[in-house]
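Inspection log for the structure reproduced underneath, given as C-alpha cells.
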There are 4 protein chains.
Amino acid sequence: MNTLGNKLKVTIFGQSHAPAIGCVVDGLPAGFAPDMERLTAFMARRAPGRNAWSTPRKESDAPEILSGLVEGRTCGAPVAVVIRNGDQHSRDYDRLRRTPRPSHADYTAFIKYGDDYDIRGGGQFSGRLTAPLCFAGGLALQLLEQRNVRVAAHIDRIGGVSDSAPDFAAVSREELEKLLQKPFPVFDDGAGMRMRQAIEAARMDTDSVGGVIRCFALGVPAGMGEPMFGGVENRLAAALFGIPAVRGVSFGTGFAAASMRGSEHNDPFIMDGDRVSARTNHAGGVLGGITTGMPLVVNIGIKPTASIAKEQDTVDLEKRENARLIIHGRHDPCIVPRAVPVVEAVTALTLLDITFEKNTRKKGKSMVP
Amino acid sequence: MNTLGNKLKVTIFGQSHAPAIGCVVDGLPAGFAPDMERLTAFMARRAPGRNAWSTPRKESDAPEILSGLVEGRTCGAPVAVVIRNGDQHSRDYDRLRRTPRPSHADYTAFIKYGDDYDIRGGGQFSGRLTAPLCFAGGLALQLLEQRNVRVAAHIDRIGGVSDSAPDFAAVSREELEKLLQKPFPVFDDGAGMRMRQAIEAARMDTDSVGGVIRCFALGVPAGMGEPMFGGVENRLAAALFGIPAVRGVSFGTGFAAASMRGSEHNDPFIMDGDRVSARTNHAGGVLGGITTGMPLVVNIGIKPTASIAKEQDTVDLEKRENARLIIHGRHDPCIVPRAVPVVEAVTALTLLDITFEKNTRKKGKSMVP
Amino acid sequence: MNTLGNKLKVTIFGQSHAPAIGCVVDGLPAGFAPDMERLTAFMARRAPGRNAWSTPRKESDAPEILSGLVEGRTCGAPVAVVIRNGDQHSRDYDRLRRTPRPSHADYTAFIKYGDDYDIRGGGQFSGRLTAPLCFAGGLALQLLEQRNVRVAAHIDRIGGVSDSAPDFAAVSREELEKLLQKPFPVFDDGAGMRMRQAIEAARMDTDSVGGVIRCFALGVPAGMGEPMFGGVENRLAAALFGIPAVRGVSFGTGFAAASMRGSEHNDPFIMDGDRVSARTNHAGGVLGGITTGMPLVVNIGIKPTASIAKEQDTVDLEKRENARLIIHGRHDPCIVPRAVPVVEAVTALTLLDITFEKNTRKKGKSMVP
Amino acid sequence: MNTLGNKLKVTIFGQSHAPAIGCVVDGLPAGFAPDMERLTAFMARRAPGRNAWSTPRKESDAPEILSGLVEGRTCGAPVAVVIRNGDQHSRDYDRLRRTPRPSHADYTAFIKYGDDYDIRGGGQFSGRLTAPLCFAGGLALQLLEQRNVRVAAHIDRIGGVSDSAPDFAAVSREELEKLLQKPFPVFDDGAGMRMRQAIEAARMDTDSVGGVIRCFALGVPAGMGEPMFGGVENRLAAALFGIPAVRGVSFGTGFAAASMRGSEHNDPFIMDGDRVSARTNHAGGVLGGITTGMPLVVNIGIKPTASIAKEQDTVDLEKRENARLIIHGRHDPCIVPRAVPVVEAVTALTLLDITFEKNTRKKGKSMVP
C-alpha cells in the first residue's frame with residue numbers, strides 16, 4: 001500500500017492537512033553519514049514557490065529525524081522522519097466532498113473510504129506526500145553515488161515542446177552533472193525557454209499542461225534484476241506509478257519502438273577497447289529484465305495538473321445531479337518541473353533496493369563498466 | 001522472480017528446450033469448473049504456425065494437469081500444469097553463446113548466469129514461456145467473466161499503421177466480443193489489412209516490426225486498488241513488463257496526455273440516469289491508483305522481433321573482438337498479434353488477484369456499474 | 001525487517017535513546033473511531049514502574065498521533081504515532097560496547113552493524129519498542145472485538161510455579177474478561193501470589209526468572225488461514241518471535257503432545273445442539289493451519305531477564321580477552337507480566353491481518369460459532 | 001500459501017491422489033551440479049515402508065526433473081520436479097467426507113473448500129507432500145555444505161523416552177555426521193531402542209505416539225537475520241510450522257528457559273584462543289533474531305499420528321448427529337522418525353534463503369567461526 005521496496009523499505013504516511021507527513025526508511029546500511037546539506041538542497045528542488053512556474057504556496061519542509069541516526073550516522077535502525085504541516089485555513093470541504101474534482105482521486109477515495117476520507121487538501125493523495133519520498137530518495141541517491149551510480153532526469157517534453165535528447169548510448173556523467181545544476185533541467189535551454197512559455201501560456205488561459213520526464217542512471221552494473229516478473233523494468237514501473245499524475249512508463253526508445261523495424265531497433269554489440277558495449281541503446285539499458293551495463297533510460301509521462309481555475313462539469317453526489325465546480329487556490333499550471341526530483345528519488349530507491357537484494361546466481365564477468 | 005501475484009500466485013517454469021514448461025496456479029477458489037474447450041481455444045490464439053503472420057513452427061501445447069482438479073473442478077489445492085517440449089534438433093549453440101544476439105537476453109543472461117545458462121532456443125527467456133502464462137490467464141479470464149468482468153485487447157498499431165480507437169468512455173461489451181472473435185483483432189479491418197501488409201513487407205525485407213496493444217477491461221468495479229504503491233496501475237505495469245518485448249505501459253490517453261491541456265484531459269463527471277459516470281475517460285479507468293468503474297484502458301508498447309534474418313553486428317565474447325552474426329530458423333516478423341492473448345492473460349491474472357485481496361476499508365456505494 | 005503483516009502493516013521505528021519511537025499502521029478500515037481511553041489503559045499494562053514486580057523507571061508514553069485520524073476517526077490513510085523518549089543520562093557506553101552483555105543483542109548487533117549501532121539503552125533491541133507495538137495492537141484488539149473476537153492472555157508459569165489452566169475446549173468469555181481486569185493475570189490467584197514471591201526471591205538474589213504466557217482468542221471463525229506455509233500457526237509464530245525474549249511458541253497442548261498417545265491427543269468431534277464442536281481442544285483451535293472455530297490457544301515461552309545485577313563473565317572485544325561485567329541500572333527481575341499485553345497485541349495484529357486477507361475460496365458453512 | 005521463501009522460493013503442489021505431486025524451486029544459483037545419488041538417499045530417509053516403525057506402503061518417489069538443469073547443472077531457470085502418484089484404489093470417500101477424522105484437516109478443509117476439496121488420502125494436507133519438500137531441501141543441504149554449513153537432527157524424545165542431548169555449545173561435526181548415518185537418529189542408541197519399543201507398544205495398542213525433534217546447524221556465520229520480525233527465529237518458525245503435525249517450535253533451551261534463573265540461562269562470552277565464543281548456548285545460536293555463530297539449535301514438537309486404528313467419536317456432517325469412525329489402512333504409529341529429514345530440509349531451505357538475502361548493513365568482523 002504505502003510501502004515501497006523489499007530490502008530497502010520506505011513507508012510513507014500523512015495527509016495534506018494532518019499534523020504531519022513523513023516516512024520510515026528501513027534497511028539502510030549502518031555507518032552511512034548522509035550529507036544533510038545536499039539532502040536539503042535536493043528536497044528544495046521539489047518544494048513549491050521557488051519560481052515562476054510553481055505555485056506560490058510555502059511549505060515548511062524542515063524534516064525532523066526521530067530515529068536511526070546517531071551523531072549523524074545511521075545505526076542500522078529504521079530512519080524515521082517527520083515533516084510538520086503548517087496551520088491550514090479551513091475551506092468548504094463539505095461542498096468539495098459532494099462535488100468531486102475531475103481527474104483527482106476525490107471520487108475514487110469516496111468509493112473506497114466513504115465519507116471518512118480526508119478530503120482536505122487532497123488528503124493522502126496530495127502531491128505533498130512526495131516530500132518524504134524525496135527525503136528517502138535523497139538518501140538513496142547519496143548511497144548510489146558511493147557505488148558510482150549517478151541518477152539524473154531531464155524534462156523531455158512539456159506541452160508540444162521537446163528537449164533535444166542525448167544519444168542514449170553515449171550520455172555522459174558531465175552532461176548529467178550539468179543537468180542537475182539547472183533550475184529547469186533540459187539539455188537544450190532554448191527548448192526549456194519555450195517550455196516555460198508554454199507553461200505561462202497555460203496559466204494565462206487558467207489551464208495546465210502535462211509533459212514527459214526522462215531519467216538516466218549511469219554506472220548501473222550489468223546483471224541486475226531477475227527474469228520475468230522480477231525485472232528492473234517491472235520494479236521501476238511499479239514504483240514510478242506511485243508518483244501522482246504519472247500516466248505511462250517506458251524504457252529506452254519506449255513506445256516509439258512500435259514504429260521501428262528490428263534492424264533499426266536492435267542494438268549491435270561492439271567492442272570498446274576490451275569492453276563489450278553497444279552502438280545504440282534503444283533498449284535503455286535493460287534486456288530480458290536484466291541490466292546490460294549501458295545507461296539506464298526510463299521515460300515517464302505526466303498528465304496536466306488536474307486542478308485548473310476554469311469552471312468544470314462534475315456531479316453532486318448528494319443531490320444526484322449534474323453540477324458545476326470552480327477550484328479555488330493556487331496550483332502549479334505544470335507539475336512536471338517539480339516532479340523531476342521525485343522521479344529521480346523513486347528511481348534511486350528502486351535501484352538501491354535491487355542492489356541490496358543479493359544476486360545469488362553465479363556471475364559471468366561484467367564487461368560493461 | 002518467476003512468480004506473479006499475492007493471493008492468486010502463478011509460478012512459471014521451464015526453458016525452450018527443457019523437457020517441459022509449465023506453471024503452478026495457487027489461490028484459485030474451490031469448486032470452479034474451467035471450460036477446457038474455451039481454455040484450449042484461448043491458448044491457441046498465441047500458438048505459432050496458425051497463419052501467415054506467425055512462424056510456421058509447431059508447438060505441441062497440449063497441457064497436462066497434474067494437480068488441483070478433481071473431476072474437472074478445482075479442489076483448493078494449487079493447479080499444476082505441464083506442457084512437454086518436443087524433441088529439438090541440436091544447433092551450434094556454442095557459437096551462439098559466444099556471439100550474443102542483439103536485443104535478446106543472451107548477453108545479460110551470460111552476465112547473470114555465466115556459461116551455465118540454457119541458451120538453447122532462448123532458454124527461460126523464450127517467448128514459449130508465455131504458453132503456461134496463457135493457461136493461467138485463461139482460467140483467470142473465466143473467473144472474471146463469472147464476476148461480470150470482460151477483458152479484450154486490440155492491436156492499436158503496427159509499423160506506422162494505426163487502428164481506429166473506440167471512445168474510451170463508451171467502448172461496449174459488444175465491440176469487445178466482436179474483437180475476441182477476430183483472428184487479427186482490430187476495430188478497423190481496413191487498418192488490420194494494412195498492418196498485415198506492413199508485417200509482410202518487413203518479412204520480405206528479412207526484417208521485423210513492432211506495435212502497440214491496447215487492452216480493455218469492462219465491469220471492473222469502482223474502488224479496486226490501493227493508494228500510492230498499491231495502485232492498479234503499479235500492479236498491472238509490474239505484471240505486463242513480465243511479457244517479453246514489452247517496452248512501455250501506459251493508461252488511458254497515456255503519453256499523449258503530456259501534450260494536452262488540463263481542460264482537455266480532465267474527465268468531467270456526469271450523471272447517467274442515477275449513476276455517476278464520466279463524459280470522457282482519458283484516465284483509462286484509474287484515478288489515484290483506484291478504479292473509477294469506467295472502462296479500464298491500458299496500452300502496451302512492443303518492440304520489433306529481435307530475431308531477424310539480416311546479418312548483424314555483435315561481438316565474440318571469447319575472442320574479444322567484433323563479429324558478424326546470422327540468426328537461422330524461422331521467426332515471427334511481428335509478434336504483436338500473438339502477444340494479444342498474452343496481454344489479456346496477464347491483465348486478467350492481475351485484476352483477479354486484486355479482486356481476491358480483500359478491500360478491508362469501509363466502502364461507499366459504487367455508483368458506476 | 002521492522003514491518004509486520006500483509007494487509008494490515010505495522011512498521012516500528014526508534015531506539016531506546018533516539019528522539020522518539022513510534023509506528024505506522026497501514027491498512028486500517030476508514031471510519032473506525034478508536035476508544036482512546038481504552039487504548040491508553042491497554043498501553044499502561046505494559047508500561048514500567050506500575051508495581052512491585054516491574055522496574056521503577058518511568059516512561060513518558062504519551063503517544064502523539066500524526067496522521068490517519070480526522071476528528072477521532074480513521075480516514076483510510078496510515079496512522080502514524082510518535083512516542084518521545086525523555087532525556088536520558090549518559091553512561092559509559094563505550095565500555096559497554098566493548099563488553100557485550102550476555103544474552104542481550106549487543107554482540108550480534110556489533111557483528112551486524114559494527115561500531116555504528118546504537119547501544120544506548122539497548123538501541124533498537126530495547127523492550128521499549130514494544131510500546132508502539134501495543135499502540136497498534138490496541139487498535140487491532142478493538143477492531144477484533146467489533147468482529148466478536150476476544151483476545152486475552154494469562155501467565156501460565158513463572159519460575160517453577162504454574163497457574164491452573166482452563167479446559168481449552170470450554171474457556172469462556174467471562175473467564176477472559178476477569179483475566180483482563182487483573183493487574184497480575186492468572187486464573188488461580190494463589191498461584192499468582194506464589195509467582196510474585198518467586199519474582200521477589202529472584203530480585204533478592206540479584207537474579208531474574210522466566211515464564212510462559214498463554215494467549216486465548218475466542219470467536220475466531222472457522223476456516224481462517226491457508227494451508228502449508230500460510231497457516232495461522234506459521235503466521236502467529238513468525239509474529240510472536242518478534243517480541244524480545246520469546247524462546248518458544250506452541251499451540252494447544254504444544255510440546256506436551258510429544259508425550260501423548262494419539263487416542264488421548266485426538267479431539268473427538270461432537271454435536272453441541274446443531275453445531276459441530278469438539279470434546280477436547282488439544283489442537284488449540286487449528287488443524288492443518290486452518291482455524292476450527294474452537295478457542296485459539298497459543299503458548300509463548302519467555303526467557304529470564306538478561307540484565308541481572310550479578311557480576312558476569314564476558315569478553316573485551318577490543319583487548320581480545322576475557323572480562324567481567326556488572327550491569328547497572330534497574331531492570332525487571334521478570335518481564336513476563338509486562339509481556340502479557342504485548343503478546344495480546346501481536347496476536348491481535350496477526351489475527352486481524354488474516355481476517356483482512358480475503359478468503360477467496362468457496363466456503364462451507366461454518367458450524368462452530 | 002504453498003510457497004516458501006523470498007530469494008529461494010519453493011512452491012509445492014499436488015494431492016495424495018492427484019496424478020502427481022511436485023515442486024518448483026526458484027532462485028538456485030546457476031552452475032550448481034547436485035549430487036543426485038545423495039539427493040535420492042536423502043529423500044529415501046522420509047520414504048515409507050523402509051522399516052518396522054513406518055507404514056508398509058510403497059511410494060514411487062522417483063522424481064522427474066522437468067526444467068532448470070542442463071546436463072546435470074543448474075542453469076538459472078527454476079527447477080521443476082514431478083513425482084507421479086501410483087494408481088490408488090478407490091475407497092468410500094463420501095462417507096469419510098461426512099465424518100471428519102479427529103485431529104486431521106478434514107473438517108477445516110470442508111469449512112474452507114466445501115465439498116470440492118480433495119479428501120482422497122488426505123488431499124493436499126497429506127504427509128506425502130513432504131516428498132517434494134525433501135527434494136528441494138536436499139538441494140539446499142548440498143548448497144549449504146558448499147558454504148560449510150552442516151544441518152542434522154536427532155530424535156530428542158518419543159513417548160516418554162528421551163535421548164541424551166549434547167552440550168549445545170560443543171556439539172561437533174563428527175557427532176552430526178554419525179547421526180546422519182543412523183537409520184534411527186539418536187545420540188544414545190539405548191534410548192533409541194526404548195523409543196522404538198514405545199512405538200511398537202503404541203502399534204500393539206492400535207494407537208500412536210508423538211515426539212520431539214531437535215535440529216542443529218553448524219557453521220552458520222554470525223550476523224544472519226534481521227531484527228524484530230525478520231529474525232532467524234521468526235523465519236524458521238514460520239517455515240517449520242508448515243510441516244504437518246508440528247505443534248511447537250523453540251530455540252536452544254526453549255520452554256525450559258521459563259523455569260531458569262537469568263544467572264543460569266545467560267550464556268557468558270569467553271575467548272576461545274582469539275575467537276569470541278560462549279561457555280553455554282542456551283540461546284541456541286540466536287540473540288535478538290540474529291545468529292551468534294554458535295550452533296543453531298531448534299526444537300520441534302510433533303503430535304502423535306492422528307490416524308489410529310481405534311474406533312473414534314466424530315460427527316456426521318450430513319445427518320448432523322454424533323457418529324463413530326474407524327480409520328482403515330496402515331499408518332505410521334509414529335511419524336517422528338520420518339519427519340527428521342523433513343525438518344532438516346525445511347531448516348536448510350530457510351537458512352539458505354536467509355543466506356541469499358544480501359546483508360546490506362556494514363558488518364563487524366565475525367569472530368565466531
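Scheme for the C-alpha cells: letters A, B, ... for chains in order shown; per-chain residue numbers from 1; ligand numbers from 1 in order shown.
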Only residues of chain C matter here; which ones have an atom within 9 Å of chain A, counting only C-alpha atoms? Give them as JSON, numbers by chain. {"C": [1, 2, 3, 7, 9, 11, 12, 13, 14, 15, 17, 18, 19, 20, 21, 22, 23, 24, 26, 27, 29, 30, 31, 32, 65, 66, 67, 68, 69, 70, 73, 74, 75, 76, 77, 78, 79, 80, 82, 84, 109, 112, 113, 114, 115, 116, 117, 118, 123, 124]}
Could you save the residues just selected, with C-alpha atoms, as an mmCIF file, in the first residue's frame?
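Okay, this is what ended up in part34.cif:
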data_model
loop_
_atom_site.group_PDB
_atom_site.id
_atom_site.type_symbol
_atom_site.label_atom_id
_atom_site.label_comp_id
_atom_site.auth_asym_id
_atom_site.auth_seq_id
_atom_site.Cartn_x
_atom_site.Cartn_y
_atom_site.Cartn_z
ATOM 1 C CA MET C 1 12.546 -6.379 8.946
ATOM 2 C CA ASN C 2 10.657 -3.966 11.192
ATOM 3 C CA THR C 3 7.356 -4.390 9.370
ATOM 4 C CA LYS C 7 -2.946 -6.233 4.506
ATOM 5 C CA LYS C 9 1.016 -3.485 8.035
ATOM 6 C CA THR C 11 6.151 -0.598 10.818
ATOM 7 C CA ILE C 12 8.024 0.010 14.070
ATOM 8 C CA PHE C 13 10.802 2.547 14.433
ATOM 9 C CA GLY C 14 13.016 4.051 17.085
ATOM 10 C CA GLN C 15 15.723 3.252 19.573
ATOM 11 C CA HIS C 17 17.640 6.780 23.343
ATOM 12 C CA ALA C 18 16.650 8.217 19.971
ATOM 13 C CA PRO C 19 14.458 11.322 19.994
ATOM 14 C CA ALA C 20 11.420 9.078 19.639
ATOM 15 C CA ILE C 21 9.962 5.660 18.985
ATOM 16 C CA GLY C 22 6.744 5.014 17.109
ATOM 17 C CA CYS C 23 4.963 3.133 14.407
ATOM 18 C CA VAL C 24 2.973 3.426 11.204
ATOM 19 C CA ASP C 26 -1.344 0.914 7.348
ATOM 20 C CA GLY C 27 -4.486 -0.885 6.235
ATOM 21 C CA PRO C 29 -10.502 0.453 7.638
ATOM 22 C CA ALA C 30 -11.785 4.017 7.258
ATOM 23 C CA GLY C 31 -14.432 5.148 9.727
ATOM 24 C CA PHE C 32 -13.049 3.400 12.782
ATOM 25 C CA ILE C 65 -0.884 10.734 16.511
ATOM 26 C CA LEU C 66 0.494 12.431 13.394
ATOM 27 C CA SER C 67 -1.780 11.152 10.664
ATOM 28 C CA GLY C 68 -4.589 8.846 9.709
ATOM 29 C CA LEU C 69 -7.228 10.161 12.109
ATOM 30 C CA VAL C 70 -9.629 13.000 11.398
ATOM 31 C CA ARG C 73 -11.942 8.559 13.087
ATOM 32 C CA THR C 74 -9.641 6.733 10.704
ATOM 33 C CA CYS C 75 -9.687 8.178 7.196
ATOM 34 C CA GLY C 76 -8.002 5.357 5.251
ATOM 35 C CA ALA C 77 -4.513 6.870 5.388
ATOM 36 C CA PRO C 78 -1.854 5.191 7.537
ATOM 37 C CA VAL C 79 -1.976 6.030 11.235
ATOM 38 C CA ALA C 80 1.442 7.255 12.355
ATOM 39 C CA VAL C 82 5.206 9.039 17.841
ATOM 40 C CA ARG C 84 9.012 10.846 22.546
ATOM 41 C CA ALA C 109 24.322 -6.102 16.749
ATOM 42 C CA LYS C 112 25.780 -6.894 12.050
ATOM 43 C CA TYR C 113 26.223 -3.133 12.315
ATOM 44 C CA GLY C 114 29.763 -2.723 13.571
ATOM 45 C CA ASP C 115 30.571 0.179 15.867
ATOM 46 C CA ASP C 116 27.773 2.259 14.421
ATOM 47 C CA TYR C 117 24.889 0.538 16.134
ATOM 48 C CA ASP C 118 23.113 2.438 18.847
ATOM 49 C CA GLY C 123 19.051 0.657 20.982
ATOM 50 C CA GLN C 124 16.536 -0.791 18.571
#
Please list as a PyMOL selection string every residue within 9 Å of stretch 232-241 of chain D, counting only C-alpha atoms and excluding residues in the same chain fewer than 3 positions away. (chain C and resi 228-231+233-242+247+249+289) or (chain D and resi 4-5+224-229+244-251+286+289-291+298+300+343+346-347+349-351+354)
Go ahead and write the residues just picked, N, CA and C atoms, as a compact mmCIF listing (two decimals), in the first residue's frame.
# COMPACT_ATOMS: atom_id res chain seq x y z
N MET C 228 -0.30 -25.20 4.50
CA MET C 228 1.16 -25.32 4.46
C MET C 228 1.87 -24.10 5.06
N PHE C 229 2.43 -23.20 4.27
CA PHE C 229 3.22 -22.12 4.83
C PHE C 229 2.39 -20.88 5.16
N GLY C 230 1.10 -20.94 4.85
CA GLY C 230 0.23 -19.80 5.10
C GLY C 230 -0.70 -20.03 6.28
N GLY C 231 -0.39 -21.00 7.12
CA GLY C 231 -1.28 -21.34 8.22
C GLY C 231 -1.29 -20.30 9.33
N GLU C 233 -0.80 -20.93 12.38
CA GLU C 233 0.34 -21.18 13.26
C GLU C 233 1.60 -20.52 12.72
N ASN C 234 1.84 -20.68 11.42
CA ASN C 234 3.02 -20.08 10.80
C ASN C 234 3.02 -18.57 11.01
N ARG C 235 1.87 -17.97 10.79
CA ARG C 235 1.76 -16.52 10.86
C ARG C 235 1.93 -16.02 12.29
N LEU C 236 1.26 -16.69 13.23
CA LEU C 236 1.37 -16.25 14.62
C LEU C 236 2.79 -16.45 15.15
N ALA C 237 3.38 -17.60 14.83
CA ALA C 237 4.74 -17.86 15.32
C ALA C 237 5.70 -16.82 14.76
N ALA C 238 5.60 -16.54 13.46
CA ALA C 238 6.50 -15.56 12.84
C ALA C 238 6.39 -14.21 13.52
N ALA C 239 5.19 -13.85 13.94
CA ALA C 239 4.97 -12.55 14.58
C ALA C 239 5.44 -12.58 16.04
N LEU C 240 5.08 -13.64 16.76
CA LEU C 240 5.36 -13.67 18.20
C LEU C 240 6.86 -13.73 18.50
N PHE C 241 7.62 -14.36 17.62
CA PHE C 241 9.07 -14.37 17.84
C PHE C 241 9.68 -12.98 17.64
N GLY C 242 8.88 -12.03 17.20
CA GLY C 242 9.35 -10.65 17.12
C GLY C 242 9.38 -9.95 18.47
N ARG C 247 11.27 -17.44 23.42
CA ARG C 247 12.15 -18.55 23.06
C ARG C 247 11.40 -19.72 22.45
N VAL C 249 7.25 -21.05 20.81
CA VAL C 249 5.83 -20.83 20.52
C VAL C 249 5.20 -22.19 20.23
N GLY C 289 -3.33 -25.88 9.76
CA GLY C 289 -3.06 -24.46 9.57
C GLY C 289 -4.29 -23.60 9.55
N LEU D 4 7.26 -21.07 -0.16
CA LEU D 4 8.15 -20.76 0.96
C LEU D 4 9.34 -19.98 0.45
N GLY D 5 9.71 -18.91 1.15
CA GLY D 5 10.98 -18.25 0.86
C GLY D 5 10.86 -16.95 0.10
N MET D 224 23.61 -13.32 10.74
CA MET D 224 22.50 -13.58 9.83
C MET D 224 21.17 -13.26 10.50
N GLY D 225 20.21 -12.78 9.71
CA GLY D 225 18.90 -12.46 10.25
C GLY D 225 18.74 -10.96 10.45
N GLU D 226 17.50 -10.54 10.56
CA GLU D 226 17.19 -9.13 10.72
C GLU D 226 16.48 -8.94 12.06
N PRO D 227 16.48 -7.72 12.58
CA PRO D 227 15.83 -7.52 13.87
C PRO D 227 14.30 -7.70 13.80
N MET D 228 13.72 -7.83 14.93
CA MET D 228 12.27 -7.84 15.16
C MET D 228 11.55 -8.92 14.36
N PHE D 229 10.86 -8.60 13.27
CA PHE D 229 10.05 -9.60 12.58
C PHE D 229 10.84 -10.33 11.50
N PRO D 244 3.39 -30.91 8.43
CA PRO D 244 2.22 -31.45 9.12
C PRO D 244 2.60 -32.02 10.49
N ALA D 245 1.73 -31.83 11.46
CA ALA D 245 1.85 -32.41 12.81
C ALA D 245 2.76 -31.64 13.74
N VAL D 246 3.41 -30.59 13.27
CA VAL D 246 4.24 -29.78 14.16
C VAL D 246 3.35 -28.94 15.07
N ARG D 247 3.60 -28.99 16.37
CA ARG D 247 2.77 -28.27 17.35
C ARG D 247 3.54 -27.21 18.11
N GLY D 248 4.86 -27.25 18.01
CA GLY D 248 5.63 -26.25 18.73
C GLY D 248 7.02 -26.12 18.15
N VAL D 249 7.58 -24.91 18.26
CA VAL D 249 8.94 -24.64 17.80
C VAL D 249 9.62 -23.79 18.87
N SER D 250 10.80 -24.21 19.29
CA SER D 250 11.52 -23.40 20.26
C SER D 250 13.01 -23.45 19.93
N PHE D 251 13.75 -22.54 20.53
CA PHE D 251 15.18 -22.42 20.22
C PHE D 251 16.01 -22.64 21.47
N VAL D 286 21.04 -17.86 18.60
CA VAL D 286 20.36 -16.64 18.11
C VAL D 286 20.13 -15.68 19.26
N GLY D 289 17.29 -12.19 17.31
CA GLY D 289 16.89 -12.59 15.96
C GLY D 289 18.06 -12.83 15.04
N ILE D 290 19.28 -12.53 15.52
CA ILE D 290 20.48 -12.57 14.69
C ILE D 290 21.40 -13.68 15.19
N THR D 291 22.00 -14.42 14.27
CA THR D 291 22.84 -15.54 14.67
C THR D 291 24.11 -15.08 15.37
N VAL D 298 17.30 -25.84 17.19
CA VAL D 298 15.85 -25.61 17.15
C VAL D 298 15.13 -26.91 17.47
N ILE D 300 11.49 -29.08 17.73
CA ILE D 300 10.19 -29.15 17.05
C ILE D 300 9.34 -30.23 17.71
N VAL D 343 12.37 -32.04 8.67
CA VAL D 343 12.82 -30.92 9.50
C VAL D 343 14.17 -30.41 8.99
N VAL D 346 13.52 -28.39 5.69
CA VAL D 346 12.92 -27.06 5.87
C VAL D 346 13.91 -26.11 6.54
N THR D 347 14.66 -26.61 7.50
CA THR D 347 15.69 -25.78 8.14
C THR D 347 16.72 -25.32 7.10
N LEU D 349 16.37 -25.09 3.80
CA LEU D 349 15.79 -24.14 2.84
C LEU D 349 15.73 -22.74 3.43
N THR D 350 15.36 -22.65 4.69
CA THR D 350 15.23 -21.33 5.32
C THR D 350 16.59 -20.69 5.53
N LEU D 351 17.55 -21.47 5.99
CA LEU D 351 18.89 -20.90 6.20
C LEU D 351 19.51 -20.46 4.88
N ILE D 354 17.90 -17.18 3.77
CA ILE D 354 18.44 -16.05 4.53
C ILE D 354 19.84 -15.71 4.02
If we count only C-alpha atoms and set the cut-off at 7 Å, which residues sit around D:Gly210, ignoring sequence neighbours fewer than 3 positions away in its own chain? Please answer as number ranges by chain. C: 257-261; D: 158-159, 302-305, 334, 336
DSSP says helix (DSSP H, G or I) for which residues of stretch 67-130 of chain C? Put them as a list in words?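 Answer for stretch 67-130 of chain C, restricted to helix (DSSP H, G or I): Tyr93, Asp94, Arg95, Leu96, Arg97, Arg98, Asp106, Tyr107, Thr108, Ala109, Phe110, Ile111, Lys112, Tyr113, Gly114, Asp115, Asp116, Arg120, Gly121, Gly122, Gly123, Gln124, Phe125, Gly127, Arg128, Leu129 and Thr130 of chain C.
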DSSP strand (DSSP E or B) selection over stretch 64-177 of chain B, as a list in words: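 Restricting stretch 64-177 of chain B to strand (DSSP E or B) produces Glu64, Ile65, Leu66, Ser67, Leu69, Val70, Arg73, Thr74, Val79, Ala80, Val81, Val82, Ile83, Arg84, Arg150, Val151, Ala152, Ala153, His154, Ile155, Asp156, Arg157, Ile158, Val161 and Ser162 of chain B.
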Expected file: the selected residues, C-alpha atoms, as a short mmCIF file (atom, residue, chain, number, x, y, z; two decimals), in the first residue's frame:
data_model
loop_
_atom_site.label_atom_id
_atom_site.label_comp_id
_atom_site.auth_asym_id
_atom_site.auth_seq_id
_atom_site.Cartn_x
_atom_site.Cartn_y
_atom_site.Cartn_z
CA GLU B 64 -1.31 -31.98 -18.78
CA ILE B 65 -2.91 -31.01 -15.48
CA LEU B 66 -1.09 -32.69 -12.61
CA SER B 67 -2.98 -31.44 -9.59
CA LEU B 69 -8.59 -30.51 -10.28
CA VAL B 70 -10.86 -33.38 -9.24
CA ARG B 73 -13.41 -28.94 -10.59
CA THR B 74 -10.82 -27.09 -8.55
CA VAL B 79 -3.31 -26.32 -10.13
CA ALA B 80 -0.07 -27.53 -11.70
CA VAL B 81 0.19 -27.92 -15.46
CA VAL B 82 2.93 -29.26 -17.65
CA ILE B 83 3.46 -28.72 -21.37
CA ARG B 84 6.07 -31.04 -22.84
CA ARG B 150 -14.68 -8.81 -19.63
CA VAL B 151 -11.12 -8.36 -20.86
CA ALA B 152 -10.17 -7.94 -24.53
CA ALA B 153 -7.32 -6.32 -26.40
CA HIS B 154 -6.87 -4.92 -29.88
CA ILE B 155 -3.84 -4.17 -31.99
CA ASP B 156 -3.63 -0.41 -31.85
CA ARG B 157 -0.64 0.00 -34.08
CA ILE B 158 1.83 -2.00 -36.15
CA VAL B 161 -0.45 1.82 -39.28
CA SER B 162 -2.97 2.66 -36.56
#
Selection near D:Pro34, 8 Å with only C-alpha atoms, sequence-local residues under 5 positions removed, as an mmCIF file with N, CA and C atoms, in the first residue's frame:
data_model
loop_
_atom_site.group_PDB
_atom_site.id
_atom_site.type_symbol
_atom_site.label_atom_id
_atom_site.label_comp_id
_atom_site.auth_asym_id
_atom_site.auth_seq_id
_atom_site.Cartn_x
_atom_site.Cartn_y
_atom_site.Cartn_z
ATOM 1 N N LEU D 39 21.048 -36.997 -3.122
ATOM 2 C CA LEU D 39 19.689 -36.467 -3.043
ATOM 3 C C LEU D 39 18.679 -37.599 -2.902
ATOM 4 N N GLY D 72 22.897 -31.837 -15.976
ATOM 5 C CA GLY D 72 23.179 -32.028 -14.564
ATOM 6 C C GLY D 72 23.569 -30.789 -13.788
ATOM 7 N N ARG D 73 23.540 -29.635 -14.461
ATOM 8 C CA ARG D 73 23.900 -28.389 -13.769
ATOM 9 C C ARG D 73 22.740 -27.399 -13.860
ATOM 10 N N LEU D 139 18.508 -30.300 -2.075
ATOM 11 C CA LEU D 139 19.358 -29.384 -2.845
ATOM 12 C C LEU D 139 19.964 -28.325 -1.919
ATOM 13 N N GLN D 142 22.884 -29.520 0.167
ATOM 14 C CA GLN D 142 24.148 -29.604 -0.572
ATOM 15 C C GLN D 142 24.771 -28.218 -0.767
#
Atomic separation - atom CA of A:Arg214 relative to atom CA of A:Asn299, Å: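 Taking atom CA of A:Asn299 as the start and atom CA of A:Arg214 as the end point, the length is 4.4 Å.
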List the neighbours of D:Phe42 out to 8 Å using only C-alpha atoms; skip same-chain residues closer than 2 positions along the sequence, and give me the result as a PyMOL selection string. chain D and resi 38-40+44-46+134+138+341
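Coordinates place atom CA of B:Pro268 at a distance of 9.5 Å from atom CA of A:Pro100.
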